[in-house]
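J.: Enclosed is the structure file final_24.cif (mmCIF, C-alpha atoms).
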```cif
data_work
#
loop_
_atom_site.label_atom_id
_atom_site.label_comp_id
_atom_site.auth_asym_id
_atom_site.auth_seq_id
_atom_site.Cartn_x
_atom_site.Cartn_y
_atom_site.Cartn_z
CA MET E 1 30.55 -26.51 -14.96
CA THR E 2 32.94 -24.87 -17.36
CA MET E 3 32.96 -26.44 -20.80
CA ASN E 4 35.57 -25.96 -23.53
CA TYR E 5 34.84 -28.64 -26.13
CA CYS E 6 31.81 -30.29 -27.69
CA THR E 7 31.08 -33.81 -26.38
CA LEU E 8 29.89 -34.93 -29.79
CA CYS E 9 32.49 -33.63 -32.31
CA GLY E 10 35.30 -32.23 -30.13
CA SER E 11 35.17 -28.70 -31.60
CA LYS E 12 35.44 -25.60 -29.40
CA VAL E 13 32.24 -24.30 -27.81
CA TYR E 14 31.16 -20.69 -27.24
CA ARG E 15 28.51 -19.00 -25.08
CA LYS E 16 25.39 -17.56 -26.69
CA ILE E 17 21.63 -17.34 -26.19
CA PRO E 18 20.14 -19.69 -28.82
CA ALA E 19 17.14 -18.56 -30.91
CA GLY E 20 13.92 -19.02 -28.95
CA ASP E 21 15.81 -19.36 -25.66
CA ASN E 22 16.41 -16.77 -22.93
CA ARG E 23 19.74 -17.75 -21.37
CA GLN E 24 23.29 -18.38 -22.44
CA ARG E 25 24.24 -21.95 -23.36
CA TYR E 26 27.40 -23.62 -24.56
CA ILE E 27 27.07 -24.05 -28.33
CA CYS E 28 29.44 -26.02 -30.55
CA ALA E 29 31.28 -23.94 -33.15
CA GLY E 30 31.61 -27.06 -35.31
CA CYS E 31 28.35 -29.02 -35.29
CA GLY E 32 26.09 -26.41 -33.66
CA LEU E 33 24.92 -28.68 -30.82
CA VAL E 34 23.48 -26.77 -27.85
CA HIS E 35 24.75 -28.15 -24.52
CA TYR E 36 22.25 -27.65 -21.70
CA GLN E 37 23.33 -27.80 -18.05
CA ASN E 38 20.69 -28.58 -15.44
CA PRO E 39 20.39 -29.20 -11.70
CA LYS E 40 21.17 -32.61 -10.23
CA VAL E 41 18.96 -34.62 -7.91
CA VAL E 42 20.32 -35.91 -4.62
CA THR E 43 18.12 -38.60 -3.09
CA GLY E 44 18.33 -40.15 0.36
CA CYS E 45 16.43 -41.34 3.39
CA ILE E 46 15.93 -41.40 7.13
CA PRO E 47 16.34 -45.09 8.06
CA GLU E 48 14.09 -45.82 11.07
CA TRP E 49 14.43 -48.67 13.54
CA ARG E 50 12.28 -48.67 16.65
CA ASN E 51 12.82 -45.24 18.18
CA LYS E 52 16.13 -44.62 16.48
CA ILE E 53 17.41 -43.44 13.12
CA LEU E 54 20.58 -44.37 11.27
CA LEU E 55 23.34 -41.84 10.67
CA CYS E 56 26.59 -42.30 8.71
CA LYS E 57 29.97 -40.72 9.42
CA ARG E 58 31.46 -39.61 6.12
CA ALA E 59 34.66 -41.29 4.89
CA ILE E 60 34.87 -38.98 1.85
CA GLU E 61 35.11 -35.30 1.07
CA PRO E 62 33.38 -32.93 1.33
CA ARG E 63 32.78 -32.93 5.08
CA TYR E 64 34.97 -35.94 5.89
CA GLY E 65 34.29 -37.14 9.45
CA LEU E 66 30.93 -35.39 9.83
CA TRP E 67 27.57 -37.15 10.16
CA THR E 68 24.91 -37.42 7.49
CA LEU E 69 21.85 -39.33 6.33
CA PRO E 70 22.51 -41.82 3.52
CA ALA E 71 22.03 -39.87 0.27
CA GLY E 72 23.68 -39.33 -3.09
CA PHE E 73 23.20 -38.40 -6.72
CA MET E 74 20.27 -40.07 -8.44
CA GLU E 75 21.48 -42.15 -11.41
CA ASN E 76 20.08 -42.53 -14.91
CA GLY E 77 17.72 -45.49 -15.26
CA GLU E 78 16.47 -45.57 -11.69
CA SER E 79 13.53 -43.99 -9.92
CA ASN E 80 13.97 -41.38 -7.23
CA MET E 81 12.97 -43.86 -4.51
CA GLN E 82 15.18 -46.62 -5.93
CA GLY E 83 18.07 -44.16 -5.79
CA ALA E 84 17.42 -43.46 -2.10
CA ALA E 85 17.37 -47.20 -1.34
CA ARG E 86 20.57 -47.77 -3.36
CA GLU E 87 22.43 -45.04 -1.50
CA ALA E 88 21.46 -46.55 1.87
CA MET E 89 22.78 -49.91 0.71
CA GLU E 90 26.02 -48.42 -0.63
CA GLU E 91 26.77 -46.19 2.35
CA ALA E 92 25.46 -48.32 5.21
CA ASN E 93 24.69 -51.84 3.87
CA ALA E 94 21.17 -50.95 4.92
CA ASP E 95 18.06 -52.58 3.43
CA ILE E 96 15.35 -49.88 3.59
CA ARG E 97 11.69 -50.89 3.20
CA ASP E 98 8.27 -49.22 3.19
CA MET E 99 9.67 -45.90 2.00
CA SER E 100 7.57 -42.76 1.80
CA LEU E 101 8.50 -39.36 0.41
CA TYR E 102 9.25 -36.94 3.24
CA CYS E 103 10.81 -33.72 1.93
CA VAL E 104 12.00 -31.94 -1.18
CA PHE E 105 14.58 -29.15 -0.88
CA SER E 106 15.85 -26.92 -3.66
CA ILE E 107 19.39 -25.58 -3.22
CA PRO E 108 19.71 -23.16 -6.15
CA HIS E 109 23.20 -21.85 -5.36
CA ILE E 110 24.68 -25.32 -5.88
CA ASN E 111 22.22 -26.39 -8.62
CA GLN E 112 20.78 -29.26 -6.63
CA ILE E 113 17.43 -30.61 -5.52
CA TYR E 114 17.29 -32.97 -2.52
CA THR E 115 14.55 -35.57 -2.08
CA MET E 116 14.44 -37.37 1.26
CA TYR E 117 12.33 -40.40 2.21
CA ARG E 118 11.44 -42.07 5.49
CA GLY E 119 11.86 -45.85 5.56
CA GLN E 120 12.19 -48.87 7.81
CA LEU E 121 15.71 -50.22 8.36
CA HIS E 122 15.15 -53.95 7.87
CA GLU E 123 15.97 -55.87 11.07
CA GLY E 124 17.92 -52.86 12.32
CA ARG E 125 21.03 -54.07 10.53
CA ALA E 126 23.65 -51.74 9.09
CA SER E 127 27.42 -51.48 8.73
CA PRO E 128 29.79 -48.96 7.13
CA GLY E 129 29.95 -49.02 3.34
CA TYR E 130 32.77 -47.69 1.18
CA GLU E 131 31.90 -44.03 1.82
CA SER E 132 31.31 -44.30 5.59
CA LEU E 133 33.70 -44.48 8.56
CA GLU E 134 30.93 -45.53 10.96
CA VAL E 135 27.18 -45.98 11.03
CA GLU E 136 25.14 -45.59 14.17
CA LEU E 137 21.52 -45.87 15.34
CA VAL E 138 20.73 -42.82 17.46
CA ASP E 139 17.75 -41.37 19.28
CA LYS E 140 17.01 -37.65 19.25
CA ASP E 141 19.26 -36.85 22.22
CA GLU E 142 22.17 -38.63 20.57
CA VAL E 143 22.03 -36.77 17.23
CA PRO E 144 25.36 -34.90 16.87
CA TRP E 145 23.68 -31.60 15.92
CA ASP E 146 27.00 -29.73 15.83
CA GLU E 147 28.70 -32.33 13.67
CA LEU E 148 26.18 -32.74 10.84
CA ALA E 149 27.66 -32.58 7.35
CA PHE E 150 25.11 -30.41 5.51
CA PRO E 151 22.38 -27.83 6.26
CA VAL E 152 19.87 -29.99 4.36
CA VAL E 153 20.52 -32.87 6.77
CA ARG E 154 20.00 -30.61 9.78
CA GLU E 155 16.72 -29.26 8.36
CA THR E 156 15.45 -32.72 7.48
CA LEU E 157 16.12 -33.96 11.01
CA LYS E 158 14.56 -30.87 12.62
CA LEU E 159 11.38 -31.45 10.57
CA TYR E 160 11.46 -35.14 11.40
CA TYR E 161 11.60 -34.72 15.17
CA ARG E 162 9.00 -31.95 15.10
CA ASP E 163 6.61 -34.17 13.15
CA LEU E 164 7.41 -37.18 15.29
CA GLU E 165 6.53 -35.33 18.48
CA GLN E 166 3.69 -33.15 17.29
CA VAL E 167 1.56 -33.21 14.20
CA GLY E 168 2.36 -36.43 12.35
CA PHE E 169 4.26 -36.74 9.09
CA ASN E 170 3.53 -34.61 6.04
CA VAL E 171 5.52 -34.03 2.88
CA HIS E 172 7.57 -30.85 3.26
CA TYR E 173 9.27 -28.74 0.64
CA GLY E 174 11.41 -25.67 0.79
CA GLU E 175 14.50 -23.84 -0.39
CA ILE E 176 17.95 -23.51 1.10
CA SER E 177 19.94 -20.50 -0.04
CA ARG E 178 23.11 -18.70 0.91
CA THR E 179 22.91 -14.99 1.74
CA ALA E 180 25.41 -12.37 0.56
CA GLU E 181 26.95 -12.59 4.04
CA GLY E 182 27.46 -16.32 3.59
CA ASP E 183 24.74 -17.39 6.01
CA ILE E 184 22.33 -20.22 5.27
CA ASP E 185 18.72 -19.15 4.75
CA ILE E 186 15.87 -21.68 4.95
CA ALA E 187 12.40 -21.07 3.49
CA MET E 188 9.81 -23.79 4.07
CA PHE E 189 6.54 -23.80 2.12
CA SER E 190 4.89 -26.73 3.87
CA MET O 1 23.57 -39.21 -24.20
CA THR O 2 26.47 -40.50 -26.23
CA MET O 3 29.75 -38.73 -25.56
CA ASN O 4 32.88 -38.84 -27.70
CA TYR O 5 35.11 -36.06 -26.37
CA CYS O 6 36.04 -34.54 -23.02
CA THR O 7 34.36 -31.18 -22.31
CA LEU O 8 37.43 -29.92 -20.49
CA CYS O 9 40.43 -30.87 -22.69
CA GLY O 10 38.85 -32.19 -25.92
CA SER O 11 40.54 -35.63 -25.78
CA LYS O 12 38.66 -38.85 -26.59
CA VAL O 13 36.67 -40.47 -23.80
CA TYR O 14 36.21 -44.18 -23.05
CA ARG O 15 33.78 -46.20 -20.91
CA LYS O 16 34.96 -47.75 -17.66
CA ILE O 17 33.87 -48.28 -14.06
CA PRO O 18 36.01 -45.89 -11.99
CA ALA O 19 37.66 -47.11 -8.76
CA GLY O 20 35.16 -46.99 -5.88
CA ASP O 21 32.22 -46.73 -8.28
CA ASN O 22 29.84 -49.43 -9.52
CA ARG O 23 28.78 -48.32 -12.98
CA GLN O 24 30.37 -47.35 -16.26
CA ARG O 25 31.15 -43.68 -16.82
CA TYR O 26 32.73 -41.71 -19.64
CA ILE O 27 36.35 -41.07 -18.63
CA CYS O 28 38.77 -38.79 -20.47
CA ALA O 29 41.79 -40.56 -21.96
CA GLY O 30 43.74 -37.28 -21.73
CA CYS O 31 43.03 -35.57 -18.40
CA GLY O 32 41.24 -38.44 -16.61
CA LEU O 33 38.08 -36.45 -15.81
CA VAL O 34 35.07 -38.66 -15.01
CA HIS O 35 31.91 -37.40 -16.73
CA TYR O 36 28.76 -38.26 -14.78
CA GLN O 37 25.35 -38.26 -16.47
CA ASN O 38 22.29 -37.85 -14.27
CA PRO O 39 18.51 -37.51 -14.59
CA LYS O 40 16.95 -34.16 -15.39
CA VAL O 41 14.15 -32.48 -13.49
CA VAL O 42 11.04 -31.29 -15.32
CA THR O 43 8.96 -28.89 -13.26
CA GLY O 44 5.49 -27.55 -13.97
CA CYS O 45 2.11 -26.71 -12.55
CA ILE O 46 -1.66 -26.94 -12.72
CA PRO O 47 -2.80 -23.29 -13.05
CA GLU O 48 -6.20 -22.95 -11.32
CA TRP O 49 -8.78 -20.24 -11.90
CA ARG O 50 -12.20 -20.59 -10.33
CA ASN O 51 -13.34 -24.07 -11.36
CA LYS O 52 -11.07 -24.31 -14.36
CA ILE O 53 -7.45 -25.18 -15.09
CA LEU O 54 -5.17 -23.89 -17.82
CA LEU O 55 -3.91 -26.14 -20.61
CA CYS O 56 -1.47 -25.31 -23.41
CA LYS O 57 -1.47 -26.66 -26.97
CA ARG O 58 2.12 -27.44 -27.91
CA ALA O 59 3.75 -25.44 -30.72
CA ILE O 60 6.94 -27.52 -30.56
CA GLU O 61 8.04 -31.11 -30.91
CA PRO O 62 7.68 -33.61 -29.39
CA ARG O 63 3.89 -33.91 -29.47
CA TYR O 64 3.23 -30.81 -31.55
CA GLY O 65 -0.47 -29.89 -31.44
CA LEU O 66 -1.29 -31.92 -28.33
CA TRP O 67 -2.32 -30.45 -24.97
CA THR O 68 -0.19 -30.22 -21.88
CA LEU O 69 0.28 -28.48 -18.54
CA PRO O 70 2.96 -25.77 -18.53
CA ALA O 71 6.22 -27.54 -17.62
CA GLY O 72 9.84 -27.74 -18.69
CA PHE O 73 13.39 -28.46 -17.64
CA MET O 74 14.46 -26.91 -14.35
CA GLU O 75 17.42 -24.56 -14.87
CA ASN O 76 20.60 -24.06 -12.86
CA GLY O 77 20.32 -21.28 -10.28
CA GLU O 78 16.58 -21.53 -9.68
CA SER O 79 14.46 -23.44 -7.20
CA ASN O 80 12.10 -26.17 -8.27
CA MET O 81 9.06 -23.96 -7.61
CA GLN O 82 10.62 -20.95 -9.35
CA GLY O 83 11.16 -23.17 -12.38
CA ALA O 84 7.49 -24.17 -12.43
CA ALA O 85 6.46 -20.50 -12.28
CA ARG O 86 8.93 -19.56 -15.02
CA GLU O 87 7.63 -22.24 -17.35
CA ALA O 88 4.03 -21.04 -16.90
CA MET O 89 5.15 -17.51 -17.76
CA GLU O 90 7.13 -18.66 -20.81
CA GLU O 91 4.50 -21.01 -22.21
CA ALA O 92 1.32 -19.18 -21.30
CA ASN O 93 2.22 -15.66 -20.08
CA ALA O 94 0.66 -16.89 -16.86
CA ASP O 95 1.46 -15.40 -13.43
CA ILE O 96 1.05 -18.30 -10.98
CA ARG O 97 0.75 -17.56 -7.25
CA ASP O 98 0.32 -19.50 -3.98
CA MET O 99 1.95 -22.61 -5.38
CA SER O 100 2.03 -25.88 -3.49
CA LEU O 101 3.82 -29.11 -4.37
CA TYR O 102 1.36 -31.63 -5.76
CA CYS O 103 3.16 -34.63 -7.27
CA VAL O 104 6.55 -36.12 -8.01
CA PHE O 105 6.91 -38.71 -10.78
CA SER O 106 10.03 -40.65 -11.69
CA ILE O 107 10.31 -41.74 -15.33
CA PRO O 108 13.42 -43.94 -15.29
CA HIS O 109 13.34 -45.02 -18.94
CA ILE O 110 13.84 -41.42 -20.07
CA ASN O 111 16.03 -40.37 -17.11
CA GLN O 112 13.60 -37.74 -15.86
CA ILE O 113 11.83 -36.74 -12.67
CA TYR O 114 8.69 -34.60 -12.91
CA THR O 115 7.59 -32.25 -10.13
CA MET O 116 4.15 -30.69 -10.48
CA TYR O 117 2.62 -27.89 -8.39
CA ARG O 118 -0.87 -26.52 -7.98
CA GLY O 119 -1.15 -22.72 -8.16
CA GLN O 120 -3.53 -19.83 -8.67
CA LEU O 121 -3.60 -18.25 -12.14
CA HIS O 122 -3.49 -14.55 -11.27
CA GLU O 123 -6.64 -12.79 -12.51
CA GLY O 124 -7.31 -15.71 -14.84
CA ARG O 125 -5.11 -14.15 -17.50
CA ALA O 126 -3.07 -16.17 -19.99
CA SER O 127 -2.07 -16.10 -23.65
CA PRO O 128 0.12 -18.33 -25.84
CA GLY O 129 3.86 -18.02 -25.33
CA TYR O 130 6.56 -18.99 -27.82
CA GLU O 131 6.07 -22.74 -27.31
CA SER O 132 2.24 -22.76 -27.37
CA LEU O 133 -0.27 -22.59 -30.23
CA GLU O 134 -3.19 -21.91 -27.87
CA VAL O 135 -3.93 -21.75 -24.16
CA GLU O 136 -7.33 -22.52 -22.73
CA LEU O 137 -9.12 -22.59 -19.37
CA VAL O 138 -11.09 -25.82 -19.16
CA ASP O 139 -13.27 -27.62 -16.65
CA LYS O 140 -13.08 -31.37 -16.16
CA ASP O 141 -15.56 -32.17 -18.94
CA GLU O 142 -13.58 -30.07 -21.38
CA VAL O 143 -10.18 -31.73 -20.79
CA PRO O 144 -9.11 -33.30 -24.12
CA TRP O 145 -8.22 -36.64 -22.53
CA ASP O 146 -7.42 -38.24 -25.89
CA GLU O 147 -5.21 -35.37 -27.01
CA LEU O 148 -2.89 -34.99 -24.01
CA ALA O 149 0.80 -34.80 -24.87
CA PHE O 150 2.34 -37.04 -22.18
CA PRO O 151 1.33 -39.88 -19.80
CA VAL O 152 2.60 -37.79 -16.87
CA VAL O 153 0.12 -35.04 -17.73
CA ARG O 154 -2.74 -37.52 -17.88
CA GLU O 155 -1.81 -39.04 -14.50
CA THR O 156 -1.42 -35.63 -12.88
CA LEU O 157 -4.86 -34.57 -14.08
CA LYS O 158 -6.47 -37.87 -13.02
CA LEU O 159 -5.06 -37.41 -9.50
CA TYR O 160 -6.14 -33.79 -9.49
CA TYR O 161 -9.79 -34.44 -10.32
CA ARG O 162 -9.96 -37.39 -7.95
CA ASP O 163 -8.60 -35.25 -5.09
CA LEU O 164 -10.81 -32.32 -6.06
CA GLU O 165 -13.95 -34.45 -5.88
CA GLN O 166 -13.10 -36.76 -3.02
CA VAL O 167 -10.43 -36.66 -0.39
CA GLY O 168 -8.72 -33.28 -0.61
CA PHE O 169 -5.22 -32.60 -1.89
CA ASN O 170 -2.18 -34.59 -0.79
CA VAL O 171 1.30 -34.80 -2.23
CA HIS O 172 1.52 -37.83 -4.51
CA TYR O 173 4.56 -39.62 -5.87
CA GLY O 174 5.02 -42.52 -8.19
CA GLU O 175 6.83 -44.03 -11.14
CA ILE O 176 5.98 -44.19 -14.81
CA SER O 177 7.67 -46.95 -16.76
CA ARG O 178 7.42 -48.56 -20.16
CA THR O 179 6.86 -52.31 -20.34
CA ALA O 180 8.65 -54.65 -22.75
CA GLU O 181 5.48 -54.55 -24.87
CA GLY O 182 5.72 -50.77 -25.06
CA ASP O 183 2.78 -50.07 -22.73
CA ILE O 184 2.89 -47.38 -20.06
CA ASP O 185 2.87 -48.71 -16.49
CA ILE O 186 1.98 -46.42 -13.57
CA ALA O 187 2.88 -47.21 -9.94
CA MET O 188 1.66 -44.73 -7.32
CA PHE O 189 3.02 -44.85 -3.77
CA SER O 190 0.79 -42.17 -2.26
#
```
Have the structure of the file written as structure tokens, please.

T.:
Amino acid sequence: MTMNYCTLCGSKVYRKIPAGDNRQRYICAGCGLVHYQNPKVVTGCIPEWRNKILLCKRAIEPRYGLWTLPAGFMENGESNMQGAAREAMEEANADIRDMSLYCVFSIPHINQIYTMYRGQLHEGRASPGYESLEVELVDKDEVPWDELAFPVVRETLKLYYRDLEQVGFNVHYGEISRTAEGDIDIAMFS
Amino acid sequence: MTMNYCTLCGSKVYRKIPAGDNRQRYICAGCGLVHYQNPKVVTGCIPEWRNKILLCKRAIEPRYGLWTLPAGFMENGESNMQGAAREAMEEANADIRDMSLYCVFSIPHINQIYTMYRGQLHEGRASPGYESLEVELVDKDEVPWDELAFPVVRETLKLYYRDLEQVGFNVHYGEISRTAEGDIDIAMFS
């Protein structure tokens, strides 16, 4: 994100590689503070209930009206898994229990890392939260594959149904990148 | 981190819960920009060579002079695994290959998430980088358990030697917290 002023003293910042570093940072011309910018963690889950999973129809941009798994930016002061549970509660009033880590995706071109859990949707109960138009429990044949909000959601669900039908659940990790032609490229390492 | 001024326009910021949100953010009194603050990802690895692993003696604060695994803050524009490889190169001139995700730790009280990989140290070659006083290949009996820099390094190595001797390698995840008495509390979920 572009930065013009120092958060600490309000002076102008400039770009330079600090001593002992190897990439350009924003540095304050007044107080000298180096401002680092780092990737953000998005954490979410696949809420399971009997043979179905819970999807949410987005009520916010980006991808308004498309379907997603409950997920959002991890907050300071919480664990990764707590963040996934919080997002399910916020987006779908869903109480998720017995969570286990399922996949970790890096998305370097948008400076994000996604962590997704599997978890039990307590008593199968859910309803739309502030950021959702609808929530729905679906089986595999009902997943709206052409109306999913993000590539990472599609990949997570593809892995999920493959594991469900074949080899059992393992932790997966991989990278999602965008080619020069604008296509999405997926590399899985497990 | 405390924030006084807006990065975009340089006006003063104040604390408030934005509409549709549920926690206090820094908001610019001039342009209205909401400044989110989120956890940072630290990524690193256990470099393996024959029956030994590589440790680095820190040449920087915090924990100057104590031993650690190569690890550091993930940067924008790289994947999580690329970050782990980069840190090994920077701290130990170590070329790490065939990496696989090994553990994910949340550390909520310092707003961090640690991802650690296992990987092969190419040709067993390493030497101290800018941030290391020494690097050393050690077997289990040579690990300086009382001189490790961080609890997360100790836990990673405990898991590693347990898996190595017993059940094989799985992906682990857990949380490291600090109790009111100042003790370190570890909760592992796999």

J.: Restricting the calculation to only C-alpha atoms, which member of O:Glu175, O:Lys16, O:Cys45, O:Ala29 is positioned closest to Ile113 of chain O?

T.: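 Of O:Glu175, O:Lys16, O:Cys45, O:Ala29, the one nearest Ile113 of chain O, counting only C-alpha atoms, is O:Glu175.
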
J.: Which neighbours of Val152 of chain O fall inside 8 Å, counting only C-alpha atoms, when residues of the same chain fewer than 6 positions from it are skipped, and could you give them as JSON, numbers by chain?

T.: {"O": [105, 114, 176]}

J.: For the provided coordinates, the residues matched by the PyMOL selection byres ((chain O) within 7 of (chain E)) should be stated as a ChimeraX atom specification.

T.: /O:3-10,37-40,74-80,106-109,111,171,175

J.: So the first atom is atom CA of His122 of chain O and the second is atom CA of Arg97 of chain O; what is the distance between them in Å, to one decimal place?

T.: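 Result for atom CA of His122 of chain O versus atom CA of Arg97 of chain O: 6.6 Å, one decimal.
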
J.: When distances are computed from all atoms listed in the file, which of O:Leu164, O:Ile60, O:Ile186, O:Ala84 shows the smallest separation from Met116 of chain O?

T.: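 Answer, going by the shortest atom-to-atom distance: O:Ala84.
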
J.: Out of E:Val34, E:Ala187, E:Leu121, E:Ala126, which residue has the shortest atom-to-atom distance to Asn93 of chain E when counting all atoms listed in the file?

T.: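 Residue with the minimum atom-to-atom distance to Asn93 of chain E: E:Ala126.
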
J.: If we count all atoms listed in the file and set the cut-off at 12 Å, which residues sit around Asn51 of chain E, ignoring sequence neighbours fewer than 3 positions away in its own chain? Please answer as a PDB file with C-alpha atoms, keeping the file's coordinate frame.

T.:
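The result, written out as out_7.pdb:
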```pdb
ATOM      1  CA  PRO E  47      16.340 -45.090   8.060  1.00  0.00           C
ATOM      2  CA  GLU E  48      14.090 -45.820  11.070  1.00  0.00           C
ATOM      3  CA  LEU E  54      20.580 -44.370  11.270  1.00  0.00           C
ATOM      4  CA  GLN E 120      12.190 -48.870   7.810  1.00  0.00           C
ATOM      5  CA  LEU E 121      15.710 -50.220   8.360  1.00  0.00           C
ATOM      6  CA  GLY E 124      17.920 -52.860  12.320  1.00  0.00           C
ATOM      7  CA  LEU E 137      21.520 -45.870  15.340  1.00  0.00           C
ATOM      8  CA  VAL E 138      20.730 -42.820  17.460  1.00  0.00           C
ATOM      9  CA  ASP E 139      17.750 -41.370  19.280  1.00  0.00           C
ATOM     10  CA  LYS E 140      17.010 -37.650  19.250  1.00  0.00           C
ATOM     11  CA  ASP E 141      19.260 -36.850  22.220  1.00  0.00           C
ATOM     12  CA  GLU E 142      22.170 -38.630  20.570  1.00  0.00           C
ATOM     13  CA  TYR E 161      11.600 -34.720  15.170  1.00  0.00           C
ATOM     14  CA  LEU E 164       7.410 -37.180  15.290  1.00  0.00           C
ATOM     15  CA  GLU E 165       6.530 -35.330  18.480  1.00  0.00           C
TER      16      GLU E 165
END
```

J.: Kindly give the distance, in Å, that separates atom CA of Thr43 of chain E and atom CA of Leu55 of chain E, rounded to a single decimal.

T.: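 One can read the atom CA of Thr43 of chain E to atom CA of Leu55 of chain E distance as 15.1 Å.
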
J.: Quick one: distance from atom CA of Ala94 of chain O to atom CA of Leu148 of chain O in Å, one decimal?

T.: 19.8 Å

J.: Any idea what's packed within 10 Å of Leu157 of chain E, counting all atoms listed in the file, ignoring anything in its chain fewer than 3 positions away? Could you give it as a list in words?

T.: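 Listing them by chain and then by number gives Ile46, Ile53, Leu69, Lys140, Val143, Trp145, Pro151, Val152, Val153, Arg154, Tyr160, Tyr161, Arg162 and Asp163 of chain E.
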
J.: Could you check which of E:Arg15, E:Arg178, E:Val135, E:Gln24 is closest to Gly65 of chain E, using all atoms listed in the file?

T.: E:Val135

J.: Check which residues satisfy the PyMOL selection byres ((chain E and resi 149) around 7) in the file shown, then give them as a list of chain:residue names.

T.: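 Checking the PyMOL selection byres ((chain E and resi 149) around 7) against this file, the residues are E:Arg63, E:Leu66, E:Trp67, E:Thr68, E:Glu147, E:Leu148, E:Phe150.
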
J.: Have a look at O:Gly72, O:Thr156, O:Asp95, O:Gln166 and name the one nearest to Met188 of chain O; count all atoms listed in the file.

T.: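 For Met188 of chain O, the nearest of the candidates is O:Thr156.
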
J.: With distances taken over only C-alpha atoms, which residue among E:Trp49, E:Val42, E:Glu181, E:Gly30 lies nearest Glu87 of chain E?

T.: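 Nearest candidate to Glu87 of chain E out of E:Trp49, E:Val42, E:Glu181, E:Gly30: E:Val42.
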
J.: Using the structure block above, produce a file of segment 29-33 of chain E that contains all heavy atoms, as a PDB file, in the first residue's frame.

T.:
```pdb
ATOM      1  N   ALA E  29      11.545  10.572   6.899  1.00  0.00           N
ATOM      2  CA  ALA E  29      12.572  11.606   6.740  1.00  0.00           C
ATOM      3  C   ALA E  29      12.774  12.395   8.026  1.00  0.00           C
ATOM      4  O   ALA E  29      13.807  13.041   8.203  1.00  0.00           O
ATOM      5  CB  ALA E  29      12.182  12.559   5.601  1.00  0.00           C
ATOM      6  N   GLY E  30      11.799  12.314   8.943  1.00  0.00           N
ATOM      7  CA  GLY E  30      11.901  13.032  10.212  1.00  0.00           C
ATOM      8  C   GLY E  30      12.568  12.192  11.293  1.00  0.00           C
ATOM      9  O   GLY E  30      13.698  12.454  11.711  1.00  0.00           O
ATOM     10  N   CYS E  31      11.883  11.123  11.699  1.00  0.00           N
ATOM     11  CA  CYS E  31      12.362  10.335  12.849  1.00  0.00           C
ATOM     12  C   CYS E  31      13.164   9.101  12.441  1.00  0.00           C
ATOM     13  O   CYS E  31      13.728   8.417  13.301  1.00  0.00           O
ATOM     14  CB  CYS E  31      11.190   9.935  13.743  1.00  0.00           C
ATOM     15  SG  CYS E  31      10.086   8.688  13.049  1.00  0.00           S
ATOM     16  N   GLY E  32      13.190   8.774  11.140  1.00  0.00           N
ATOM     17  CA  GLY E  32      14.023   7.657  10.693  1.00  0.00           C
ATOM     18  C   GLY E  32      13.385   6.284  10.819  1.00  0.00           C
ATOM     19  O   GLY E  32      13.987   5.267  10.444  1.00  0.00           O
ATOM     20  N   LEU E  33      12.141   6.220  11.313  1.00  0.00           N
ATOM     21  CA  LEU E  33      11.480   4.921  11.487  1.00  0.00           C
ATOM     22  C   LEU E  33      11.328   4.203  10.141  1.00  0.00           C
ATOM     23  O   LEU E  33      10.943   4.807   9.146  1.00  0.00           O
ATOM     24  CB  LEU E  33      10.094   5.130  12.118  1.00  0.00           C
ATOM     25  CG  LEU E  33       9.307   3.854  12.463  1.00  0.00           C
ATOM     26  CD1 LEU E  33       9.992   3.050  13.561  1.00  0.00           C
ATOM     27  CD2 LEU E  33       7.882   4.205  12.897  1.00  0.00           C
TER      28      LEU E  33
END
```
